[in-house]
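target.cif (mmCIF, C-alpha atoms and all ligand atoms)
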```
data_final
loop_
_atom_site.label_atom_id
_atom_site.label_comp_id
_atom_site.auth_asym_id
_atom_site.auth_seq_id
_atom_site.Cartn_x
_atom_site.Cartn_y
_atom_site.Cartn_z
CA MET M 1 0.00 0.00 0.00
CA GLN M 2 1.39 3.37 -1.09
CA GLY M 3 -0.41 5.39 1.51
CA LEU M 4 -2.35 8.60 1.09
CA PHE M 5 -0.04 11.28 -0.35
CA GLY M 6 2.71 8.68 -0.11
CA ALA M 7 2.75 8.98 3.66
CA TYR M 8 -0.37 7.90 5.50
CA ARG M 9 -1.50 4.29 5.45
CA VAL M 10 -3.44 3.97 8.70
CA ILE M 11 -5.46 6.95 9.82
CA LEU M 12 -7.43 7.70 12.96
CA ALA M 13 -10.83 8.98 11.79
CA PRO M 14 -12.30 12.27 12.94
CA MET M 15 -14.68 11.53 15.81
CA ALA M 16 -16.59 14.35 17.44
CA GLY M 17 -16.37 14.05 21.21
CA VAL M 18 -13.67 11.36 21.00
CA SER M 19 -10.55 12.32 19.01
CA ASP M 20 -9.11 14.81 21.49
CA ILE M 21 -5.43 15.51 22.16
CA ALA M 22 -4.97 12.57 24.54
CA PHE M 23 -6.65 10.00 22.33
CA ARG M 24 -4.68 11.22 19.33
CA ALA M 25 -1.45 10.85 21.31
CA VAL M 26 -2.06 7.22 22.29
CA CYS M 27 -3.17 6.30 18.76
CA ARG M 28 -0.05 7.87 17.28
CA GLU M 29 2.14 6.02 19.76
CA GLN M 30 0.57 2.79 18.57
CA GLY M 31 1.27 3.54 14.93
CA ALA M 32 -1.46 5.78 13.48
CA ASP M 33 0.26 7.70 10.67
CA LEU M 34 -2.15 10.56 10.89
CA THR M 35 -4.78 11.62 13.37
CA PHE M 36 -7.72 13.96 13.04
CA THR M 37 -9.00 16.61 15.37
CA GLU M 38 -12.71 16.52 16.11
CA MET M 39 -14.73 18.09 13.32
CA VAL M 40 -14.91 21.86 13.58
CA SER M 41 -17.68 24.18 12.49
CA ALA M 42 -16.61 26.76 9.90
CA LYS M 43 -19.36 29.04 11.15
CA GLY M 44 -18.23 28.63 14.78
CA LEU M 45 -14.65 29.47 13.80
CA SER M 46 -15.79 32.50 11.84
CA TYR M 47 -17.39 33.83 15.05
CA ALA M 48 -14.07 33.22 16.83
CA ASN M 49 -16.00 30.93 19.16
CA GLU M 50 -13.54 29.84 21.87
CA LYS M 51 -14.99 26.35 22.27
CA THR M 52 -14.66 25.75 18.55
CA ARG M 53 -11.10 27.06 18.48
CA HIS M 54 -10.18 24.87 21.43
CA LEU M 55 -10.85 21.83 19.22
CA LEU M 56 -7.85 22.86 17.16
CA ASP M 57 -5.40 23.03 20.07
CA LEU M 58 -2.49 20.70 19.44
CA ALA M 59 -0.07 19.11 21.86
CA ASP M 60 3.49 20.48 21.87
CA GLY M 61 5.29 19.01 18.90
CA GLU M 62 2.15 17.38 17.52
CA VAL M 63 2.36 16.95 13.75
CA ARG M 64 0.61 15.07 10.95
CA VAL M 65 -2.79 16.27 12.02
CA GLY M 66 -5.80 16.41 9.76
CA VAL M 67 -8.49 18.98 10.42
CA GLN M 68 -12.04 18.39 9.35
CA LEU M 69 -14.33 21.32 8.67
CA PHE M 70 -18.08 21.19 8.43
CA GLY M 71 -20.40 23.77 6.97
CA HIS M 72 -22.15 24.53 3.71
CA GLU M 73 -21.20 28.09 2.77
CA PRO M 74 -18.33 28.01 0.29
CA GLN M 75 -16.96 31.40 1.31
CA THR M 76 -17.07 30.72 5.04
CA MET M 77 -15.47 27.32 4.51
CA ALA M 78 -12.76 28.89 2.36
CA SER M 79 -11.90 31.72 4.73
CA GLN M 80 -11.80 29.41 7.76
CA ALA M 81 -9.71 26.82 5.93
CA ALA M 82 -7.21 29.58 5.14
CA TRP M 83 -7.19 30.61 8.80
CA ILE M 84 -6.58 27.01 9.92
CA GLU M 85 -3.73 26.62 7.47
CA GLN M 86 -2.08 29.72 8.84
CA GLU M 87 -2.66 28.80 12.50
CA LEU M 88 -1.47 25.20 12.29
CA GLY M 89 1.41 25.71 9.88
CA ASP M 90 3.52 22.62 9.29
CA ALA M 91 1.55 20.55 11.81
CA LEU M 92 -1.39 20.46 9.39
CA ALA M 93 -1.38 17.43 7.09
CA TYR M 94 -4.49 18.38 5.14
CA ILE M 95 -7.98 19.76 5.44
CA ASP M 96 -10.93 17.46 5.04
CA ILE M 97 -14.49 18.54 4.39
CA ASN M 98 -17.22 16.66 6.19
CA MET M 99 -19.82 15.45 3.72
CA GLY M 100 -20.75 12.32 5.61
CA CYS M 101 -22.07 13.20 9.06
CA PRO M 102 -25.70 12.02 9.24
CA ALA M 103 -26.60 13.59 12.62
CA ARG M 104 -29.89 15.45 12.49
CA LYS M 105 -28.53 18.67 14.01
CA ILE M 106 -25.88 18.75 11.26
CA VAL M 107 -27.89 17.73 8.18
CA SER M 108 -30.86 19.92 9.15
CA LYS M 109 -28.60 22.93 8.52
CA GLY M 110 -27.45 21.58 5.15
CA ASP M 111 -24.06 20.43 6.48
CA GLY M 112 -22.41 17.00 6.58
CA SER M 113 -24.06 14.30 4.48
CA ALA M 114 -26.78 16.75 3.34
CA LEU M 115 -24.14 17.92 0.86
CA MET M 116 -24.45 14.57 -0.92
CA LYS M 117 -27.91 15.74 -1.99
CA ASP M 118 -26.39 18.83 -3.61
CA PRO M 119 -23.27 17.78 -5.53
CA ALA M 120 -22.97 21.20 -7.18
CA LEU M 121 -22.73 22.92 -3.82
CA ALA M 122 -20.33 20.24 -2.54
CA ALA M 123 -18.09 20.79 -5.57
CA SER M 124 -18.24 24.54 -5.11
CA ILE M 125 -17.10 24.16 -1.48
CA VAL M 126 -14.13 22.03 -2.55
CA ALA M 127 -13.19 24.52 -5.28
CA SER M 128 -13.45 27.49 -2.89
CA VAL M 129 -11.38 25.82 -0.17
CA LYS M 130 -8.76 24.78 -2.71
CA ASN M 131 -8.59 28.30 -3.98
CA ALA M 132 -8.06 29.77 -0.54
CA THR M 133 -5.37 27.35 0.66
CA THR M 134 -2.13 25.74 -0.45
CA CYS M 135 -2.59 22.52 1.51
CA LYS M 136 -4.19 19.33 0.27
CA VAL M 137 -7.96 19.30 0.46
CA THR M 138 -10.03 16.13 0.76
CA ALA M 139 -13.65 15.21 1.40
CA LYS M 140 -15.18 12.41 3.44
CA PHE M 141 -18.58 11.10 2.49
CA ARG M 142 -20.82 8.06 2.47
CA ARG M 143 -22.15 5.64 -0.10
CA GLY M 144 -25.05 7.97 -0.83
CA TRP M 145 -27.91 9.68 0.92
CA SER M 146 -30.95 7.38 0.47
CA VAL M 147 -30.67 3.69 1.20
CA GLY M 148 -30.30 1.87 -2.13
CA SER M 149 -29.27 4.93 -4.12
CA GLU M 150 -25.49 4.77 -4.46
CA THR M 151 -24.13 8.10 -5.64
CA ALA M 152 -20.61 7.94 -4.19
CA PRO M 153 -18.71 7.14 -7.43
CA GLU M 154 -20.35 10.01 -9.36
CA PHE M 155 -20.02 12.31 -6.37
CA ALA M 156 -16.32 11.49 -6.06
CA LYS M 157 -15.78 12.29 -9.73
CA ARG M 158 -17.48 15.62 -9.30
CA LEU M 159 -15.26 16.50 -6.33
CA GLU M 160 -12.16 15.36 -8.20
CA GLN M 161 -13.06 17.75 -11.02
CA ALA M 162 -13.52 20.51 -8.45
CA GLY M 163 -9.96 19.96 -7.24
CA ALA M 164 -10.19 17.47 -4.36
CA ASP M 165 -6.81 15.86 -3.71
CA ALA M 166 -8.32 12.66 -2.26
CA VAL M 167 -11.59 11.29 -0.93
CA THR M 168 -12.57 9.06 1.98
CA VAL M 169 -15.54 6.75 1.60
CA HIS M 170 -17.58 5.20 4.42
CA GLY M 171 -19.66 2.45 2.85
CA ARG M 172 -23.01 3.21 4.48
CA PHE M 173 -25.82 5.40 3.25
CA ALA M 174 -26.50 8.51 5.32
CA GLU M 175 -30.02 7.28 6.07
CA GLN M 176 -28.52 4.11 7.55
CA LEU M 177 -26.70 6.09 10.23
CA TYR M 178 -24.54 3.29 11.74
CA ARG M 179 -26.97 0.43 11.11
CA GLY M 180 -26.14 -2.65 9.11
CA SER M 181 -22.65 -3.19 7.85
CA ALA M 182 -20.42 -1.04 5.69
CA ASP M 183 -20.27 -2.03 2.02
CA TRP M 184 -16.64 -2.15 0.95
CA ASP M 185 -17.39 -2.73 -2.73
CA VAL M 186 -18.45 0.90 -3.08
CA ILE M 187 -14.91 1.86 -2.10
CA ALA M 188 -13.65 -0.22 -5.03
CA ARG M 189 -16.18 1.45 -7.34
CA VAL M 190 -15.06 4.91 -6.21
CA LYS M 191 -11.45 3.86 -6.74
CA GLN M 192 -12.36 2.86 -10.31
CA ALA M 193 -14.18 6.14 -10.91
CA VAL M 194 -11.40 8.57 -9.93
CA SER M 195 -7.66 8.88 -10.27
CA ILE M 196 -7.07 10.68 -6.95
CA PRO M 197 -6.28 8.56 -3.85
CA VAL M 198 -9.17 6.90 -2.05
CA VAL M 199 -9.25 6.18 1.67
CA GLY M 200 -11.44 3.27 2.76
CA ASN M 201 -13.45 3.47 5.95
CA GLY M 202 -16.03 1.40 7.78
CA ASP M 203 -16.08 -1.58 10.12
CA ILE M 204 -12.33 -2.22 10.39
CA ARG M 205 -12.04 -4.01 13.72
CA SER M 206 -8.72 -5.80 13.34
CA GLY M 207 -5.43 -5.71 11.50
CA ALA M 208 -6.63 -8.52 9.26
CA ALA M 209 -9.71 -6.48 8.32
CA ALA M 210 -7.52 -3.54 7.28
CA LEU M 211 -5.58 -5.79 4.93
CA ASP M 212 -8.78 -7.37 3.67
CA MET M 213 -10.26 -3.95 2.85
CA HIS M 214 -7.11 -2.96 1.00
CA LYS M 215 -7.10 -6.18 -1.02
CA ARG M 216 -10.79 -5.97 -1.88
CA THR M 217 -10.90 -2.30 -2.79
CA GLY M 218 -7.40 -1.19 -3.78
CA CYS M 219 -7.79 1.72 -1.34
CA ASP M 220 -4.70 3.86 -0.79
CA ALA M 221 -5.13 4.04 2.99
CA VAL M 222 -7.50 2.83 5.67
CA MET M 223 -9.28 4.99 8.22
CA ILE M 224 -10.43 3.57 11.54
CA ALA M 225 -12.94 5.08 13.96
CA ARG M 226 -14.87 2.84 16.38
CA GLY M 227 -12.31 0.04 16.13
CA ALA M 228 -9.81 2.34 17.84
CA GLN M 229 -12.03 3.23 20.79
CA GLY M 230 -10.34 1.73 23.83
CA ASN M 231 -8.11 -0.06 21.35
CA PRO M 232 -5.27 2.11 19.97
CA TRP M 233 -3.35 -1.14 19.36
CA ILE M 234 -5.42 -1.61 16.22
CA PHE M 235 -3.01 0.70 14.38
CA SER M 236 0.06 -1.44 15.03
CA GLN M 237 -1.99 -4.53 14.18
CA ALA M 238 -3.16 -2.96 10.89
CA LYS M 239 0.35 -1.92 9.95
CA ALA M 240 1.74 -5.36 10.65
CA ALA M 241 -1.01 -6.98 8.59
CA LEU M 242 -0.46 -4.56 5.69
CA ASP M 243 3.28 -5.33 5.82
CA GLY M 244 2.61 -9.08 5.76
CA MET M 245 4.10 -9.41 9.24
CA PRO M 246 2.59 -11.34 12.16
CA GLU M 247 0.28 -9.11 14.16
CA PRO M 248 1.58 -8.11 17.60
CA SER M 249 -0.12 -10.10 20.33
CA ALA M 250 -3.34 -8.71 21.74
CA PRO M 251 -2.96 -6.45 24.80
CA THR M 252 -3.30 -8.14 28.17
CA VAL M 253 -5.63 -6.97 30.91
CA ARG M 254 -2.68 -5.14 32.49
CA ASP M 255 -1.80 -3.49 29.17
CA ARG M 256 -5.35 -2.26 28.80
CA ILE M 257 -5.55 -0.80 32.26
CA ALA M 258 -2.09 0.76 31.88
CA MET M 259 -3.18 2.40 28.62
CA ALA M 260 -6.40 3.68 30.21
CA ARG M 261 -4.35 5.18 33.05
CA ARG M 262 -1.96 6.86 30.64
CA HIS M 263 -4.84 8.21 28.60
CA ALA M 264 -6.47 9.63 31.74
CA LEU M 265 -3.20 11.27 32.81
CA LEU M 266 -2.75 12.87 29.40
CA LEU M 267 -6.30 14.14 29.47
CA GLN M 268 -5.82 15.64 32.90
CA GLU M 269 -2.56 17.31 31.88
CA ARG M 270 -3.98 18.75 28.71
CA GLU M 271 -7.66 19.25 29.30
CA GLY M 272 -7.80 19.88 33.05
CA ARG M 273 -11.36 19.54 34.28
CA ASN M 274 -12.44 18.17 30.95
CA ILE M 275 -11.22 14.81 32.24
CA VAL M 276 -14.86 13.74 32.57
CA ARG M 277 -14.48 12.98 28.87
CA MET M 278 -12.41 10.05 30.08
CA ARG M 279 -15.54 8.26 31.27
CA LYS M 280 -16.45 6.87 27.87
CA HIS M 281 -12.84 6.08 26.96
CA ALA M 282 -12.37 4.25 30.28
CA MET M 283 -15.46 2.14 29.61
CA TRP M 284 -14.13 1.18 26.20
CA TYR M 285 -10.72 0.21 27.61
CA VAL M 286 -12.19 -2.13 30.19
CA ALA M 287 -15.05 -3.57 28.12
CA GLY M 288 -15.11 -7.33 28.51
CA LEU M 289 -12.63 -7.42 31.41
CA PRO M 290 -13.61 -9.09 34.70
CA GLY M 291 -15.35 -6.45 36.79
CA ALA M 292 -16.14 -4.24 33.78
CA SER M 293 -19.80 -3.78 34.63
CA LYS M 294 -19.04 -2.64 38.19
CA ALA M 295 -16.29 -0.37 36.83
CA ARG M 296 -18.70 1.15 34.32
CA GLY M 297 -21.02 2.20 37.11
CA LEU M 298 -18.13 3.75 39.03
CA PHE M 299 -16.63 5.58 36.03
CA ASN M 300 -19.88 7.49 35.71
CA TYR M 301 -19.05 9.32 38.93
CA CYS M 302 -15.36 9.99 38.22
CA GLU M 303 -14.40 13.65 38.06
CA THR M 304 -10.67 13.64 38.70
CA PHE M 305 -7.69 11.52 37.74
CA GLU M 306 -7.63 10.11 41.28
CA ASP M 307 -11.25 8.96 40.93
CA PHE M 308 -10.36 7.05 37.76
CA GLU M 309 -7.20 5.70 39.36
CA ARG M 310 -9.20 4.10 42.21
CA VAL M 311 -11.29 2.16 39.69
CA PHE M 312 -8.24 1.15 37.65
CA LYS M 313 -6.59 -0.17 40.85
CA MET M 314 -9.73 -2.06 41.78
CA LEU M 315 -9.63 -3.81 38.39
CA GLU M 316 -5.90 -4.49 38.64
CA ASP M 317 -6.06 -5.91 42.14
CA ALA M 318 -9.17 -7.99 41.56
CA LYS M 319 -8.75 -11.74 41.92
CA PRO M 320 -10.70 -13.83 39.41
CA GLY M 321 -14.37 -13.99 40.38
CA GLN M 322 -13.94 -11.34 43.09
CA ILE M 323 -15.77 -8.46 41.39
C1 LIG M 401 -18.48 8.97 18.18
C2 LIG M 401 -18.30 9.19 16.70
C3 LIG M 401 -18.05 10.47 16.23
C4 LIG M 401 -17.86 10.69 14.86
N1 LIG M 401 -17.57 11.94 14.43
C5 LIG M 401 -17.28 12.14 13.11
C6 LIG M 401 -16.84 13.39 12.64
O1 LIG M 401 -16.69 14.35 13.39
N2 LIG M 401 -16.58 13.52 11.31
C7 LIG M 401 -16.71 12.46 10.43
O2 LIG M 401 -16.46 12.60 9.24
N3 LIG M 401 -17.12 11.27 10.87
C8 LIG M 401 -17.38 11.08 12.17
N4 LIG M 401 -17.73 9.85 12.60
C9 LIG M 401 -17.75 8.73 11.62
C10 LIG M 401 -16.41 8.01 11.58
O3 LIG M 401 -15.36 8.88 11.21
C11 LIG M 401 -16.46 6.82 10.60
O4 LIG M 401 -16.71 7.30 9.30
C12 LIG M 401 -17.53 5.80 10.95
O5 LIG M 401 -17.62 5.58 12.34
C13 LIG M 401 -17.26 4.46 10.24
O6 LIG M 401 -15.99 3.97 10.58
P1 LIG M 401 -15.77 2.82 11.71
O7 LIG M 401 -16.60 1.63 11.28
O8 LIG M 401 -14.29 2.56 11.68
O9 LIG M 401 -16.29 3.36 12.99
C14 LIG M 401 -17.95 9.61 13.95
C15 LIG M 401 -18.20 8.32 14.44
C16 LIG M 401 -18.37 8.10 15.79
C17 LIG M 401 -18.63 6.69 16.28
#
```
Any chance you could put this one into structure tokens?
Ligand SMILES: Cc1cc2nc3c(=O)[nH]c(=O)nc-3n(C[C@H](O)[C@H](O)[C@H](O)COP(=O)(O)O)c2cc1C
Amino acid sequence: MQGLFGAYRVILAPMAGVSDIAFRAVCREQGADLTFTEMVSAKGLSYANEKTRHLLDLADGEVRVGVQLFGHEPQTMASQAAWIEQELGDALAYIDINMGCPARKIVSKGDGSALMKDPALAASIVASVKNATTCKVTAKFRRGWSVGSETAPEFAKRLEQAGADAVTVHGRFAEQLYRGSADWDVIARVKQAVSIPVVGNGDIRSGAAALDMHKRTGCDAVMIARGAQGNPWIFSQAKAALDGMPEPSAPTVRDRIAMARRHALLLQEREGRNIVRMRKHAMWYVAGLPGASKARGLFNYCETFEDFERVFKMLEDAKPGQI
């Protein structure tokens, strides 16, 4: 696999509410070639909204970061993309435009996957952002809007003509939300339709699945979202599989708790009181471990690193069958 832009083979997907500084750090340590910030609203940035800007804060020395913008006004998207490029400098890998989010509060404003219903507007956004920036510009979208009506290959062509440097395809229709399974064949059809790189996304839960997607679709890179939640090891597993090497052994219970602890520490250092965000990450790290259901209940009340640490210790010290 060549990798997107010759550099990125395994990519952590943008995930609103999940892909913060700490999560990006642990995924990179485990081999993610590129990580994304949470999606940012072009409109919010244009109002200099502090909460929106905070989403773009990077760790010291953090590089190879993708930023995903959402919105539907070509001029606002263009001006904010230019601002991001200037702010992030060399740390910015590329700017992606969200054309796949199916959440009601996003599509009701004409953003996210609603753009798949208006390819002309989508193309005009890509052209405007390209015009305003010097970085690579990509778009991430789904198989189509309505279940059964696959528009992704045509849509991709349209965006390629507008100047997109690459596209990412998640093989579900917007109307499906996250139901059913992702169709990987659409990724192959998009790959056939365009000559720009194509990133494949959807339902990669193991290193073997990453290789399988690459073989079936010819995609230039794979992007992983839910498979990385509580499981940053998936990136080293995917890389090994893509390189034809044996996959590193699965993390032990101790490894998982140690990673959760490290993640919580990073969040505390970088986000301060925002460590309550750790609750969902902690639940993902311990899912399936002995005592996980008791831990889940306790995590819900954690507000500081020390609160999380007490639960981690409980899990570590537990004898089989004790909790
Ligand atoms: C919690 C969560 C937040 C997400 N936020 C975004 C987002 O901000 N932008 C985006 O393009 N996709 C977002 N997605 C979709 C993922 O990037 C990805 O396309 C989708 O989950 C399919 O990949 P997966 O099967 O590896 O999870 C989100 C998904 C989840 C589960």
> How would you write, as a PyMOL selection string, the set of residues no farther than 10 Å from ligand LIG 401 (chain M) when counting all atoms listed in the file?
Replying inline: chain M and resi 12-19+36-41+67-70+96-103+112-113+139-142+168-172+177-178+181-182+200-205+222-229
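Of the listed residues (M:Glu309, M:Asp317, M:Glu271, M:Glu62), M:Glu62 comes nearest to Asp90 in chain M; the distances count only C-alpha atoms.
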>> What's around Arg254 in chain M at 7 Å? Count only C-alpha atoms, leave out sequence neighbours fewer than 3 positions away in its own chain, and write the answer as a PyMOL selection string.
In response: chain M and resi 257-258+316
5 Å per side around range 69-72 of chain M: axis-aligned box centre and edge lengths, as JSON:
```
{"center_x": -18.2, "center_y": 22.9, "center_z": 6.2, "size_x": 17.8, "size_y": 13.3, "size_z": 15.0}
```
>> My list of candidates is M:Leu92, M:Ile106, M:Val26, M:Met278. Which is closest to Thr134 in chain M when distances are computed with only C-alpha atoms?
In response: M:Leu92
>> So that I can check the surroundings of Leu159 in chain M, please list as a ChimeraX atom specification every protein, DNA and RNA residue that reaches within 10 Å of it, counting all atoms listed in the file and ignoring chain neighbours fewer than 6 positions away.
In response: /M:119-120,122-127,138-139,165-167,194
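The shortest atom-to-atom distance to Cys219 in chain M, with all atoms listed in the file taken into account, belongs to M:Pro197 out of M:Gly163, M:Pro197, M:Gly110, M:Gly291.
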>> For range 28-35 of chain M, find every residue with an atom within 7 Å (counting all atoms listed in the file), except residues of its own chain fewer than 4 positions away, and show them as a list in words.
In response: Tyr8, Arg9, Val10, Ile11, Leu12, Ala13, Arg24, Arg64, Val65, Gly66, Pro232, Trp233, Phe235 and Ser236 of chain M
Give me a file of those residues, with C-alpha atoms, as a PDB file, keeping the file's coordinate frame.
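Result saved to again_23.pdb:
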```pdb
ATOM      1  CA  TYR M   8      -0.370   7.900   5.500  1.00  0.00           C
ATOM      2  CA  ARG M   9      -1.500   4.290   5.450  1.00  0.00           C
ATOM      3  CA  VAL M  10      -3.440   3.970   8.700  1.00  0.00           C
ATOM      4  CA  ILE M  11      -5.460   6.950   9.820  1.00  0.00           C
ATOM      5  CA  LEU M  12      -7.430   7.700  12.960  1.00  0.00           C
ATOM      6  CA  ALA M  13     -10.830   8.980  11.790  1.00  0.00           C
ATOM      7  CA  ARG M  24      -4.680  11.220  19.330  1.00  0.00           C
ATOM      8  CA  ARG M  64       0.610  15.070  10.950  1.00  0.00           C
ATOM      9  CA  VAL M  65      -2.790  16.270  12.020  1.00  0.00           C
ATOM     10  CA  GLY M  66      -5.800  16.410   9.760  1.00  0.00           C
ATOM     11  CA  PRO M 232      -5.270   2.110  19.970  1.00  0.00           C
ATOM     12  CA  TRP M 233      -3.350  -1.140  19.360  1.00  0.00           C
ATOM     13  CA  PHE M 235      -3.010   0.700  14.380  1.00  0.00           C
ATOM     14  CA  SER M 236       0.060  -1.440  15.030  1.00  0.00           C
TER      15      SER M 236
END
```
> What separation in Å, quoted to one decimal, exists between CA of Lys157 in chain M and CA of Lys215 in chain M?
Replying inline: 22.2 Å
> Any idea what's packed within 10 Å of range 82-86 of chain M, counting only C-alpha atoms, ignoring anything in its chain fewer than 6 positions away? Could you give it as a list in words?
Replying inline: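 Result of the neighbour search: Leu45, Ser46, Arg53, Leu56, Val67, Leu69, Thr76, Leu92, Ala93, Tyr94, Ile95, Val129, Lys130, Asn131, Ala132, Thr133, Thr134 and Cys135 of chain M.
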>> Set the distance at 12 Å and use all atoms listed in the file: which residues neighbour Gly272 in chain M once local chain neighbours fewer than 6 positions away are removed? I'd like the list as a list in words.
In response: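 Listing them by chain and then by number gives Ile21, Ala22, Ala264, Leu265, Leu266, Met278, Glu303, Thr304 and Phe305 of chain M.
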Please produce a file of the residues just selected, as a PDB file, in the frame of the given file, where the atoms kept are C-alpha atoms.
```pdb
ATOM      1  CA  ILE M  21      -5.430  15.510  22.160  1.00  0.00           C
ATOM      2  CA  ALA M  22      -4.970  12.570  24.540  1.00  0.00           C
ATOM      3  CA  ALA M 264      -6.470   9.630  31.740  1.00  0.00           C
ATOM      4  CA  LEU M 265      -3.200  11.270  32.810  1.00  0.00           C
ATOM      5  CA  LEU M 266      -2.750  12.870  29.400  1.00  0.00           C
ATOM      6  CA  MET M 278     -12.410  10.050  30.080  1.00  0.00           C
ATOM      7  CA  GLU M 303     -14.400  13.650  38.060  1.00  0.00           C
ATOM      8  CA  THR M 304     -10.670  13.640  38.700  1.00  0.00           C
ATOM      9  CA  PHE M 305      -7.690  11.520  37.740  1.00  0.00           C
TER      10      PHE M 305
END
```
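Nearest residue to Gly180 in chain M, choosing from M:Leu55, M:Ala7, M:Lys43, M:Val147 and counting only C-alpha atoms: M:Val147.
Remark: for Lys109 in chain M, the closest of the candidate residues M:Lys136, M:Lys239, M:His72, M:Lys51 is M:His72 (distances computed over all atoms listed in the file).
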> With all atoms listed in the file as the atoms that count, which of M:Val137, M:Ala114, M:Ala318, M:Leu58 lies nearest to Phe5 in chain M?
Replying inline: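 So, comparing all the options, the nearest one is M:Val137.
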